[in-house]
$ cat protein_6.txt   # compact mmCIF, C-alpha atoms
# COMPACT_ATOMS: atom_id res chain seq x y z
CA MET A 1 -66.75 -32.52 204.85
CA LYS A 2 -67.15 -29.71 203.74
CA GLY A 3 -72.47 -25.60 206.60
CA PHE A 4 -75.69 -25.30 204.90
CA LEU A 5 -75.41 -21.58 204.01
CA SER A 6 -71.95 -22.07 202.57
CA TYR A 7 -72.59 -21.59 198.91
CA LEU A 8 -74.74 -18.49 198.74
CA PHE A 9 -71.48 -16.88 197.60
CA CYS A 10 -71.22 -19.43 194.83
CA PHE A 11 -74.78 -18.82 193.63
CA PHE A 12 -74.12 -15.08 193.62
CA TYR A 13 -70.99 -15.58 191.59
CA LEU A 14 -72.71 -17.76 189.05
CA LEU A 15 -75.37 -15.12 188.52
CA VAL A 16 -72.98 -12.26 187.84
CA SER A 17 -69.84 -13.73 186.28
CA ALA A 18 -70.80 -14.00 182.60
CA GLN A 19 -70.24 -11.05 180.26
CA ASP A 20 -72.74 -9.67 177.75
CA GLU A 21 -70.96 -11.03 174.66
CA ASP A 22 -71.17 -14.60 175.94
CA PRO A 23 -73.76 -16.51 173.86
CA LYS A 24 -75.24 -17.96 177.08
CA ARG A 25 -75.73 -21.46 175.71
CA PHE A 26 -76.85 -24.17 178.09
CA SER A 27 -77.69 -27.85 178.46
CA ILE A 28 -79.72 -29.96 180.85
CA ASP A 29 -79.15 -33.50 182.04
CA ALA A 30 -80.88 -36.14 184.16
CA ASN A 31 -79.35 -39.16 185.90
CA ILE A 32 -80.70 -42.00 188.01
CA PHE A 33 -78.43 -43.77 190.50
CA TYR A 34 -78.19 -46.91 192.63
CA GLY A 35 -75.62 -47.24 195.37
CA THR A 36 -74.58 -48.10 198.89
CA ILE A 37 -73.82 -46.12 202.05
CA LEU A 38 -70.14 -46.48 202.95
CA GLU A 39 -69.37 -47.47 206.53
CA HIS A 40 -66.81 -44.76 207.24
CA ASN A 41 -67.72 -44.88 210.95
CA PRO A 42 -68.94 -47.92 212.95
CA ASP A 43 -71.53 -45.67 214.63
CA ILE A 44 -73.63 -45.74 211.42
CA SER A 45 -73.45 -49.50 210.78
CA HIS A 46 -77.05 -49.95 211.97
CA LEU A 47 -78.19 -47.42 209.33
CA ILE A 48 -76.81 -49.37 206.38
CA THR A 49 -79.59 -51.82 205.45
CA GLU A 50 -80.53 -51.50 201.76
CA HIS A 51 -79.21 -49.78 198.61
CA PRO A 52 -80.10 -46.07 198.26
CA THR A 53 -81.62 -44.86 194.99
CA GLY A 54 -82.41 -41.46 193.55
CA PHE A 55 -81.98 -39.02 190.69
CA ILE A 56 -79.91 -35.95 189.78
CA LEU A 57 -81.23 -33.11 187.61
CA ALA A 58 -78.93 -30.35 186.34
CA TYR A 59 -78.83 -27.08 184.40
CA ASN A 60 -75.41 -26.30 182.86
CA ARG A 61 -74.18 -23.01 181.40
CA LYS A 62 -71.51 -23.73 178.81
CA THR A 63 -68.35 -21.62 178.38
CA TYR A 64 -66.29 -20.98 175.24
CA GLY A 65 -63.49 -18.67 176.34
CA PHE A 66 -65.23 -15.29 176.31
CA ASN A 67 -63.67 -14.79 179.76
CA ASP A 68 -59.96 -15.51 180.17
CA TRP A 69 -60.40 -17.87 183.13
CA GLU A 70 -62.54 -20.26 181.05
CA SER A 71 -59.71 -21.34 178.74
CA ARG A 72 -57.39 -21.85 181.75
CA PHE A 73 -59.72 -24.61 182.98
CA ASN A 74 -60.52 -26.14 179.57
CA TYR A 75 -63.91 -24.43 179.18
CA PRO A 76 -65.88 -25.83 182.13
CA ASP A 77 -69.65 -25.65 182.57
CA TRP A 78 -71.20 -24.07 185.63
CA GLY A 79 -74.73 -24.50 186.82
CA PHE A 80 -77.26 -25.69 189.36
CA SER A 81 -78.43 -29.17 190.25
CA MET A 82 -80.98 -30.97 192.38
CA VAL A 83 -80.49 -34.38 194.01
CA TYR A 84 -83.20 -36.59 195.47
CA GLN A 85 -82.04 -39.60 197.47
CA ASN A 86 -84.06 -42.30 199.18
CA MET A 87 -81.65 -43.47 201.88
CA ALA A 88 -83.30 -46.92 201.93
CA ASN A 89 -83.56 -46.83 205.71
CA GLU A 90 -86.59 -45.55 207.59
CA THR A 91 -84.38 -44.02 210.32
CA LEU A 92 -82.55 -41.86 207.76
CA GLY A 93 -85.57 -41.01 205.62
CA GLU A 94 -85.12 -39.08 202.36
CA ASN A 95 -82.83 -36.21 201.35
CA TYR A 96 -83.50 -33.32 198.95
CA GLY A 97 -80.49 -31.23 197.92
CA LEU A 98 -79.89 -28.05 195.89
CA TYR A 99 -76.38 -27.35 194.60
CA ALA A 100 -74.15 -25.02 192.63
CA HIS A 101 -71.70 -27.02 190.51
CA TYR A 102 -68.87 -26.97 187.99
CA ASN A 103 -68.29 -29.53 185.22
CA PHE A 104 -64.62 -30.01 184.25
CA TYR A 105 -63.69 -31.86 181.03
CA PHE A 106 -60.82 -34.18 180.11
CA LEU A 107 -59.71 -36.42 177.19
CA LYS A 108 -61.23 -34.42 174.34
CA ARG A 109 -64.24 -33.58 176.54
CA ASN A 110 -65.34 -37.21 176.78
CA LEU A 111 -64.65 -37.47 180.52
CA ASN A 112 -66.56 -35.13 182.81
CA LEU A 113 -65.94 -34.42 186.52
CA ARG A 114 -68.72 -32.56 188.33
CA ILE A 115 -68.17 -30.97 191.73
CA GLY A 116 -71.32 -29.76 193.46
CA GLN A 117 -71.83 -28.06 196.83
CA GLY A 118 -75.04 -26.99 198.46
CA VAL A 119 -77.70 -27.47 201.11
CA ALA A 120 -79.96 -30.48 201.71
CA TYR A 121 -83.16 -31.08 203.65
CA THR A 122 -83.54 -34.44 205.38
CA THR A 123 -87.00 -35.68 206.28
CA ASN A 124 -86.14 -37.62 209.45
CA PRO A 125 -83.31 -36.06 211.53
CA TYR A 126 -82.29 -37.12 215.03
CA ASP A 127 -84.84 -36.67 217.80
CA LYS A 128 -84.12 -37.88 221.33
CA VAL A 129 -87.63 -39.32 221.62
CA SER A 130 -88.96 -40.23 218.19
CA ASN A 131 -85.76 -40.92 216.21
CA PHE A 132 -82.89 -41.52 218.63
CA ARG A 133 -81.27 -44.11 216.31
CA ASN A 134 -80.35 -41.47 213.70
CA SER A 135 -76.74 -40.82 214.69
CA ALA A 136 -75.91 -39.42 211.23
CA TYR A 137 -77.98 -36.21 211.01
CA GLY A 138 -78.49 -33.95 214.01
CA SER A 139 -80.44 -31.31 212.07
CA ASP A 140 -82.93 -31.20 209.21
CA LEU A 141 -80.71 -28.85 207.15
CA LEU A 142 -77.39 -30.31 206.05
CA SER A 143 -74.31 -29.29 204.14
CA THR A 144 -73.88 -31.56 201.15
CA THR A 145 -71.24 -32.21 198.51
CA TYR A 146 -71.35 -34.51 195.52
CA LEU A 147 -68.84 -35.67 192.94
CA MET A 148 -69.85 -37.23 189.63
CA PHE A 149 -67.39 -38.76 187.19
CA ASN A 150 -68.94 -39.62 183.83
CA TYR A 151 -68.10 -40.80 180.38
CA LYS A 152 -70.21 -38.32 178.46
CA LYS A 153 -71.21 -37.92 174.82
CA GLU A 154 -73.21 -34.86 173.83
CA ASN A 155 -75.33 -34.29 170.73
CA ILE A 156 -75.48 -37.90 169.54
CA PHE A 157 -78.83 -37.24 167.90
CA LYS A 158 -80.45 -33.81 167.50
CA GLY A 159 -78.99 -32.41 170.71
CA PHE A 160 -79.53 -35.52 172.81
CA GLY A 161 -76.63 -37.40 174.38
CA LEU A 162 -75.83 -40.03 177.00
CA GLN A 163 -73.58 -40.33 180.05
CA ALA A 164 -72.76 -42.98 182.63
CA GLY A 165 -70.37 -43.19 185.56
CA ILE A 166 -70.01 -43.09 189.32
CA SER A 167 -71.01 -40.61 192.03
CA LEU A 168 -70.16 -39.89 195.67
CA ILE A 169 -72.76 -37.98 197.71
CA HIS A 170 -71.89 -36.62 201.17
CA TYR A 171 -74.31 -35.23 203.81
CA SER A 172 -73.21 -33.60 207.07
CA ASN A 173 -74.02 -30.59 209.26
CA ALA A 174 -70.35 -30.09 210.21
CA ASN A 175 -71.06 -30.24 213.97
CA PHE A 176 -73.53 -27.37 213.74
CA ARG A 177 -75.66 -29.65 215.92
CA ALA A 178 -74.99 -33.10 217.42
CA PRO A 179 -75.08 -35.91 216.47
CA ASN A 180 -73.14 -35.63 213.22
CA THR A 181 -71.51 -38.83 212.00
CA SER A 182 -72.72 -38.03 208.42
CA THR A 183 -73.19 -40.37 205.44
CA ASN A 184 -71.33 -41.01 202.19
CA THR A 185 -73.10 -42.77 199.34
CA PHE A 186 -71.16 -44.42 196.53
CA ALA A 187 -73.39 -44.92 193.49
CA PHE A 188 -73.49 -45.93 189.85
CA ASN A 189 -75.40 -43.51 187.63
CA ILE A 190 -76.69 -43.40 184.07
CA GLY A 191 -78.54 -40.66 182.27
CA THR A 192 -79.19 -38.47 179.27
CA ASN A 193 -78.34 -34.89 178.34
CA TYR A 194 -79.69 -32.33 175.89
CA VAL A 195 -77.80 -29.35 174.40
CA PHE A 196 -80.07 -26.52 173.30
CA ASP A 197 -79.46 -25.07 169.83
CA SER A 198 -76.76 -27.70 169.28
CA GLU A 199 -76.50 -27.04 165.53
CA ASN A 200 -75.12 -23.53 166.19
CA GLU A 201 -72.40 -24.27 168.72
CA PRO A 202 -69.60 -21.64 168.57
CA GLU A 203 -65.89 -22.43 168.41
CA TYR A 204 -63.83 -22.52 171.58
CA MET A 205 -61.71 -19.37 171.84
CA ALA A 206 -58.00 -19.82 172.46
CA SER A 207 -56.47 -17.98 175.38
CA THR A 208 -55.04 -14.53 174.66
CA GLU A 209 -52.93 -14.53 177.84
CA THR A 210 -49.26 -14.46 176.86
CA LYS A 211 -47.35 -12.86 179.72
CA LYS A 212 -46.27 -14.81 182.75
CA TYR A 213 -48.32 -13.61 185.71
CA THR A 214 -46.40 -12.28 188.73
CA GLU A 215 -47.50 -10.61 191.94
CA LYS A 216 -45.79 -9.41 195.10
CA ILE A 217 -46.30 -11.20 198.40
CA LYS A 218 -49.72 -10.29 199.82
CA TYR A 219 -50.75 -10.17 203.49
CA ASN A 220 -54.18 -11.47 204.54
CA PHE A 221 -56.12 -10.78 207.74
CA VAL A 222 -59.30 -12.77 208.37
CA PHE A 223 -61.95 -12.90 211.08
CA ARG A 224 -64.05 -16.07 211.18
CA THR A 225 -67.04 -16.98 213.34
CA GLY A 226 -70.03 -19.29 213.65
CA VAL A 227 -71.66 -21.71 216.08
CA ASN A 228 -71.04 -25.39 216.72
CA GLU A 229 -71.62 -28.16 219.25
CA SER A 230 -69.48 -30.91 220.69
CA ASP A 231 -70.24 -34.58 220.05
CA VAL A 232 -71.88 -34.83 223.48
CA ILE A 233 -75.59 -34.45 222.72
CA GLY A 234 -77.31 -31.85 224.85
CA LEU A 235 -74.37 -29.57 225.67
CA GLY A 236 -75.80 -26.98 223.31
CA GLN A 237 -74.51 -24.77 220.52
CA HIS A 238 -71.86 -22.16 221.27
CA PRO A 239 -70.15 -19.38 219.27
CA PHE A 240 -66.52 -19.47 218.20
CA PHE A 241 -64.15 -16.75 217.02
CA ILE A 242 -60.98 -17.20 214.94
CA PHE A 243 -58.38 -14.61 214.04
CA SER A 244 -56.04 -15.48 211.18
CA ALA A 245 -53.07 -13.77 209.55
CA TYR A 246 -51.11 -15.18 206.63
CA ALA A 247 -48.94 -14.27 203.67
CA ASP A 248 -49.52 -15.61 200.18
CA LYS A 249 -47.44 -15.65 197.00
CA ARG A 250 -48.98 -16.14 193.56
CA LEU A 251 -47.15 -18.80 191.53
CA ASN A 252 -49.19 -18.16 188.37
CA ARG A 253 -52.67 -17.08 187.33
CA LYS A 254 -54.22 -20.18 188.94
CA SER A 255 -52.32 -20.80 192.17
CA ALA A 256 -50.85 -19.23 195.29
CA ILE A 257 -49.14 -20.74 198.32
CA GLN A 258 -49.82 -19.56 201.88
CA VAL A 259 -48.20 -19.61 205.32
CA GLY A 260 -49.75 -18.16 208.46
CA THR A 261 -51.23 -18.53 211.93
CA ASP A 262 -54.66 -18.97 213.56
CA VAL A 263 -55.87 -18.10 217.08
CA PHE A 264 -58.98 -20.06 218.16
CA PHE A 265 -61.56 -19.11 220.79
CA SER A 266 -64.04 -22.04 220.81
CA LYS A 267 -66.66 -21.86 223.57
CA PHE A 268 -67.89 -25.41 222.91
CA LEU A 269 -64.49 -26.66 224.05
CA GLU A 270 -64.76 -24.72 227.31
CA GLU A 271 -68.14 -26.36 227.96
CA LEU A 272 -66.80 -29.80 227.01
CA ILE A 273 -63.87 -29.47 229.44
CA TYR A 274 -66.22 -28.50 232.26
CA PHE A 275 -68.57 -31.38 231.44
CA TYR A 276 -65.80 -33.97 231.51
CA SER A 277 -64.42 -32.58 234.78
CA VAL A 278 -67.81 -33.06 236.47
CA ALA A 279 -69.22 -36.15 234.77
CA PHE A 280 -66.09 -38.26 234.25
CA PRO A 281 -63.58 -37.78 237.09
CA GLU A 282 -61.66 -40.84 235.86
CA LEU A 283 -60.50 -38.78 232.87
CA ASN A 284 -58.46 -36.54 235.19
CA VAL A 285 -59.80 -33.32 233.68
CA SER A 286 -59.64 -30.55 236.28
CA GLY A 287 -61.93 -28.10 234.49
CA ASP A 288 -59.29 -25.37 234.63
CA GLU A 289 -57.60 -26.32 231.34
CA ASP A 290 -57.27 -23.49 228.84
CA TRP A 291 -59.69 -23.92 225.95
CA LYS A 292 -57.90 -21.50 223.60
CA ARG A 293 -55.60 -22.78 220.85
CA VAL A 294 -52.99 -21.31 218.50
CA GLY A 295 -51.97 -22.95 215.21
CA ILE A 296 -49.64 -22.40 212.29
CA PHE A 297 -50.50 -23.56 208.77
CA VAL A 298 -49.45 -23.84 205.15
CA GLY A 299 -51.95 -23.69 202.33
CA HIS A 300 -52.85 -23.39 198.67
CA GLU A 301 -55.34 -21.15 196.87
CA LEU A 302 -56.82 -21.99 193.46
CA PHE A 303 -58.18 -18.91 191.67
CA ILE A 304 -61.26 -19.25 189.43
CA ASN A 305 -62.20 -15.76 188.30
CA LYS A 306 -63.46 -13.89 191.40
CA MET A 307 -63.84 -17.13 193.32
CA SER A 308 -61.08 -19.23 194.81
CA ILE A 309 -60.77 -22.57 196.59
CA ILE A 310 -58.50 -22.77 199.61
CA THR A 311 -56.92 -25.79 201.29
CA GLN A 312 -54.84 -25.46 204.46
CA LEU A 313 -53.00 -27.87 206.75
CA GLY A 314 -52.24 -26.69 210.27
CA TYR A 315 -50.56 -27.70 213.51
CA TYR A 316 -51.40 -26.41 217.01
CA ILE A 317 -48.35 -24.88 218.68
CA TYR A 318 -50.39 -23.90 221.75
CA TYR A 319 -52.51 -26.90 222.70
CA PRO A 320 -53.22 -27.08 226.46
CA TYR A 321 -56.16 -29.50 226.14
CA ASP A 322 -56.04 -32.60 223.95
CA PHE A 323 -58.98 -32.49 221.52
CA GLU A 324 -58.91 -34.56 218.31
CA GLY A 325 -55.12 -34.26 217.88
CA GLN A 326 -52.74 -31.42 217.05
CA VAL A 327 -53.11 -31.52 213.26
CA TYR A 328 -56.05 -29.72 211.64
CA ASN A 329 -57.15 -28.92 208.10
CA ARG A 330 -59.36 -26.33 206.43
CA VAL A 331 -61.06 -26.34 203.02
CA GLY A 332 -63.47 -23.85 201.53
CA MET A 333 -64.15 -20.94 199.22
CA LYS A 334 -63.37 -17.25 198.99
CA ARG A 335 -65.26 -14.63 197.00
CA TYR A 336 -63.32 -11.47 196.15
CA PHE A 337 -65.00 -8.07 196.07
CA GLY A 338 -62.47 -5.97 194.20
CA ASP A 339 -58.76 -6.54 194.77
CA THR A 340 -58.72 -6.11 198.55
CA PHE A 341 -61.80 -7.46 200.34
CA PHE A 342 -63.19 -10.99 200.39
CA GLY A 343 -65.69 -13.23 202.11
CA ALA A 344 -64.90 -16.83 202.98
CA ILE A 345 -66.81 -19.95 203.97
CA THR A 346 -64.65 -22.82 205.14
CA LEU A 347 -64.84 -26.17 206.91
CA LYS A 348 -62.35 -26.79 209.70
CA SER A 349 -61.66 -30.45 210.52
CA HIS A 350 -59.29 -32.84 212.21
CA GLY A 351 -58.78 -35.36 209.41
CA ALA A 352 -62.29 -36.45 208.39
CA LYS A 353 -63.76 -35.26 211.72
CA ALA A 354 -65.46 -31.89 211.19
CA GLU A 355 -65.30 -29.27 213.93
CA ALA A 356 -67.12 -26.27 212.44
CA VAL A 357 -68.25 -24.34 209.38
CA GLU A 358 -66.57 -20.93 209.51
CA PHE A 359 -67.97 -17.72 208.03
CA GLY A 360 -65.27 -15.14 207.47
CA ILE A 361 -64.46 -11.68 206.16
CA GLY A 362 -60.98 -10.47 205.33
CA VAL A 363 -58.59 -8.17 203.53
CA ARG A 364 -55.69 -8.97 201.18
CA LEU A 365 -53.10 -6.18 201.20
$ encode --input "protein_6.txt" --output "structure tokens"
Amino acid sequence: MKGFLSYLFCFFYLLVSAQDEDPKRFSIDANIFYGTILEHNPDISHLITEHPTGFILAYNRKTYGFNDWESRFNYPDWGFSMVYQNMANETLGENYGLYAHYNFYFLKRNLNLRIGQGVAYTTNPYDKVSNFRNSAYGSDLLSTTYLMFNYKKENIFKGFGLQAGISLIHYSNANFRAPNTSTNTFAFNIGTNYVFDSENEPEYMASTETKKYTEKIKYNFVFRTGVNESDVIGLGQHPFFIFSAYADKRLNRKSAIQVGTDVFFSKFLEELIYFYSVAFPELNVSGDEDWKRVGIFVGHELFINKMSIITQLGYYIYYPYDFEGQVYNRVGMKRYFGDTFFGAITLKSHGAKAEAVEFGIGVRL
């Protein structure tokens, strides 16, 4: 789920978030994996032939509570990772991904959940002449997400440790270009890790936040845009424009709830309506249907320092043309610049069916 430029904001944040007094300790890890491509859509059944293999390399900056947000999330790591995957199918080729990630810890830091988001290059995308069977990847640059859940032990011997677990690796271009049925790989992984200067690890600092956090209702105005393409190959990429307004209320330092409205101007839908009216008269599409839509939504925002993760669930109240159903969802990230302005990169979908990656700017008043 979840465009290939989407996490430049995240990389920028990772470069500037640490403060000077932080000891800047880090670790590295390497994992190999063996898995299978999940058949989430029958259109990719012909692409599932063998078991994909690959490796994951990672750099992790450790946190100890020198910034208040670190203790709120049980002292996570942040860092960068690289994934190589042989898709075990000559039509799909090989994928190379670069990610920004967080590692979150549970059960006395023995269980580790990694969430990574980034951009991938695929060696054999769809081509109408030379590779028409590749219904998964319509472009050579893909948005990619991976989750890794490990049992992890650090510093077993002179800084070296071990981990093993499961991973889920997703590749998609979010309808930036058709086709885009995407792939999801479920894999078992095993690897090793190394903590630099492990004999001098500092103590974790307890949180100094004592007061309950409160904030008045805030009003947000966002403009989002980008390009996308319908599932009909050859109709071309078209721009879209979205205007959003919503109110949010902070529940605590971590969370806020949202309620608001979206107005959608999606040119790809105008082209799709015209195409169906001409090419498929049996569908009873006149070609005069309005391609604009209006939705209302509720949402949640999770604040992590100057970054936040948003999730929204919406319903079209103005829906003159039936396209993928009246319920939609949005997930993504915001990066705050001061207390008022922010940038946002989000994925808008109908269930698991992506419609577009949205690039937005907004104000929170």
$ residues_around --input "protein_6.txt" --residues "Gly191 in chain A" --least-positions-apart "5" --cutoff "7 Å" --atoms "only C-alpha atoms" --output "PyMOL selection string"
chain A and resi 30-32+162-164
$ residues_around --input "protein_6.txt" --residues "range 119-136 of chain A" --least-positions-apart "3" --cutoff "8 Å" --atoms "all atoms listed in the file" --output "VMD selection string"
chain A and resid 3 to 5 43 to 44 47 91 to 99 139 to 144 171 to 172 179 to 183
$ write_last_selection --input "protein_6.txt" --atoms "C-alpha atoms" --output "short mmCIF file (atom, residue, chain, number, x, y, z; two decimals), in the frame of the given file"
data_model
loop_
_atom_site.label_atom_id
_atom_site.label_comp_id
_atom_site.auth_asym_id
_atom_site.auth_seq_id
_atom_site.Cartn_x
_atom_site.Cartn_y
_atom_site.Cartn_z
CA GLY A 3 -72.47 -25.60 206.60
CA PHE A 4 -75.69 -25.30 204.90
CA LEU A 5 -75.41 -21.58 204.01
CA ASP A 43 -71.53 -45.67 214.63
CA ILE A 44 -73.63 -45.74 211.42
CA LEU A 47 -78.19 -47.42 209.33
CA THR A 91 -84.38 -44.02 210.32
CA LEU A 92 -82.55 -41.86 207.76
CA GLY A 93 -85.57 -41.01 205.62
CA GLU A 94 -85.12 -39.08 202.36
CA ASN A 95 -82.83 -36.21 201.35
CA TYR A 96 -83.50 -33.32 198.95
CA GLY A 97 -80.49 -31.23 197.92
CA LEU A 98 -79.89 -28.05 195.89
CA TYR A 99 -76.38 -27.35 194.60
CA SER A 139 -80.44 -31.31 212.07
CA ASP A 140 -82.93 -31.20 209.21
CA LEU A 141 -80.71 -28.85 207.15
CA LEU A 142 -77.39 -30.31 206.05
CA SER A 143 -74.31 -29.29 204.14
CA THR A 144 -73.88 -31.56 201.15
CA TYR A 171 -74.31 -35.23 203.81
CA SER A 172 -73.21 -33.60 207.07
CA PRO A 179 -75.08 -35.91 216.47
CA ASN A 180 -73.14 -35.63 213.22
CA THR A 181 -71.51 -38.83 212.00
CA SER A 182 -72.72 -38.03 208.42
CA THR A 183 -73.19 -40.37 205.44
#
$ closest_atom_pairs --input "protein_6.txt" --of "range 121-158 of chain A" --to "range 53-62 of chain A" --cutoff "12 Å" --atoms "only C-alpha atoms" --output "tab-separated table"
residue	atom	partner	partner_atom	distance
A:Tyr146	CA	A:Ile56	CA	10.4
A:Leu147	CA	A:Ile56	CA	11.5
A:Met148	CA	A:Ile56	CA	10.1
$ closest_atom_pairs --input "protein_6.txt" --of "range 196-236 of chain A" --to "range 330-346 of chain A" --cutoff "12 Å" --atoms "all atoms listed in the file" --output "JSON lines"
{"residue": "A:Lys218", "atom": "CA", "partner": "A:Thr340", "partner_atom": "CA", "distance": 10.0}
{"residue": "A:Tyr219", "atom": "CA", "partner": "A:Thr340", "partner_atom": "CA", "distance": 10.2}
{"residue": "A:Asn220", "atom": "CA", "partner": "A:Thr340", "partner_atom": "CA", "distance": 9.2}
{"residue": "A:Phe221", "atom": "CA", "partner": "A:Phe341", "partner_atom": "CA", "distance": 9.9}
{"residue": "A:Val222", "atom": "CA", "partner": "A:Ala344", "partner_atom": "CA", "distance": 8.8}
{"residue": "A:Phe223", "atom": "CA", "partner": "A:Ala344", "partner_atom": "CA", "distance": 9.5}
{"residue": "A:Arg224", "atom": "CA", "partner": "A:Ala344", "partner_atom": "CA", "distance": 8.3}
{"residue": "A:Thr225", "atom": "CA", "partner": "A:Ile345", "partner_atom": "CA", "distance": 9.8}
{"residue": "A:Gly226", "atom": "CA", "partner": "A:Ile345", "partner_atom": "CA", "distance": 10.2}
$ write_last_selection --input "protein_6.txt" --atoms "C-alpha atoms" --output "short mmCIF file (atom, residue, chain, number, x, y, z; two decimals), in the frame of the given file"
data_model
loop_
_atom_site.label_atom_id
_atom_site.label_comp_id
_atom_site.auth_asym_id
_atom_site.auth_seq_id
_atom_site.Cartn_x
_atom_site.Cartn_y
_atom_site.Cartn_z
CA LYS A 218 -49.72 -10.29 199.82
CA TYR A 219 -50.75 -10.17 203.49
CA ASN A 220 -54.18 -11.47 204.54
CA PHE A 221 -56.12 -10.78 207.74
CA VAL A 222 -59.30 -12.77 208.37
CA PHE A 223 -61.95 -12.90 211.08
CA ARG A 224 -64.05 -16.07 211.18
CA THR A 225 -67.04 -16.98 213.34
CA GLY A 226 -70.03 -19.29 213.65
#
$ atom_distance --input "protein_6.txt" --atom1 "CA of Asn155 in chain A" --atom2 "CA of Pro202 in chain A"
14.1 Å
$ closest_residue --input "protein_6.txt" --among "A:Phe26, A:Phe33, A:Tyr137, A:Tyr194" --to "Arg177 in chain A" --atoms "all atoms listed in the file"
A:Tyr137
$ closest_residue --input "protein_6.txt" --among "A:Gly35, A:Pro52, A:Gly165, A:Gly118" --to "Gly79 in chain A" --atoms "all atoms listed in the file"
A:Gly118
$ residues_around --input "protein_6.txt" --residues "range 298-307 of chain A" --least-positions-apart "5" --cutoff "10 Å" --atoms "all atoms listed in the file" --output "number ranges by chain"
A: 9-10, 13-14, 17, 67-70, 72-73, 246-250, 252-261, 312-315, 329-339, 342-344
$ closest_residue --input "protein_6.txt" --among "A:Glu355, A:Glu282, A:Glu289, A:Asp262" --to "Val227 in chain A" --atoms "only C-alpha atoms"
A:Glu355
$ residues_near_point --input "protein_6.txt" --point "(-54.0, -35.9, 216.0)" --cutoff "12 Å" --atoms "all atoms listed in the file" --output "ChimeraX atom specification"
/A:314-316,319,322-329,349-353
$ closest_residue --input "protein_6.txt" --among "A:Glu154, A:Glu215, A:Glu50, A:Asp290" --to "Thr192 in chain A" --atoms "all atoms listed in the file"
A:Glu154
$ residues_near_point --input "protein_6.txt" --point "(-78.5, -22.1, 175.2)" --cutoff "6 Å" --atoms "only C-alpha atoms" --output "PyMOL selection string"
chain A and resi 24-26+196
$ closest_residue --input "protein_6.txt" --among "A:Phe297, A:Tyr84, A:Tyr102, A:Phe268" --to "Ala245 in chain A" --atoms "only C-alpha atoms"
A:Phe297
$ closest_residue --input "protein_6.txt" --among "A:Leu269, A:Ile217, A:Ile233, A:Ile309" --to "Leu251 in chain A" --atoms "all atoms listed in the file"
A:Ile217
$ atom_distance --input "protein_6.txt" --atom1 "CA of Lys158 in chain A" --atom2 "CA of Ile115 in chain A"
27.3 Å
$ atom_distance --input "protein_6.txt" --atom1 "CA of Ala88 in chain A" --atom2 "CA of Leu38 in chain A"
13.2 Å
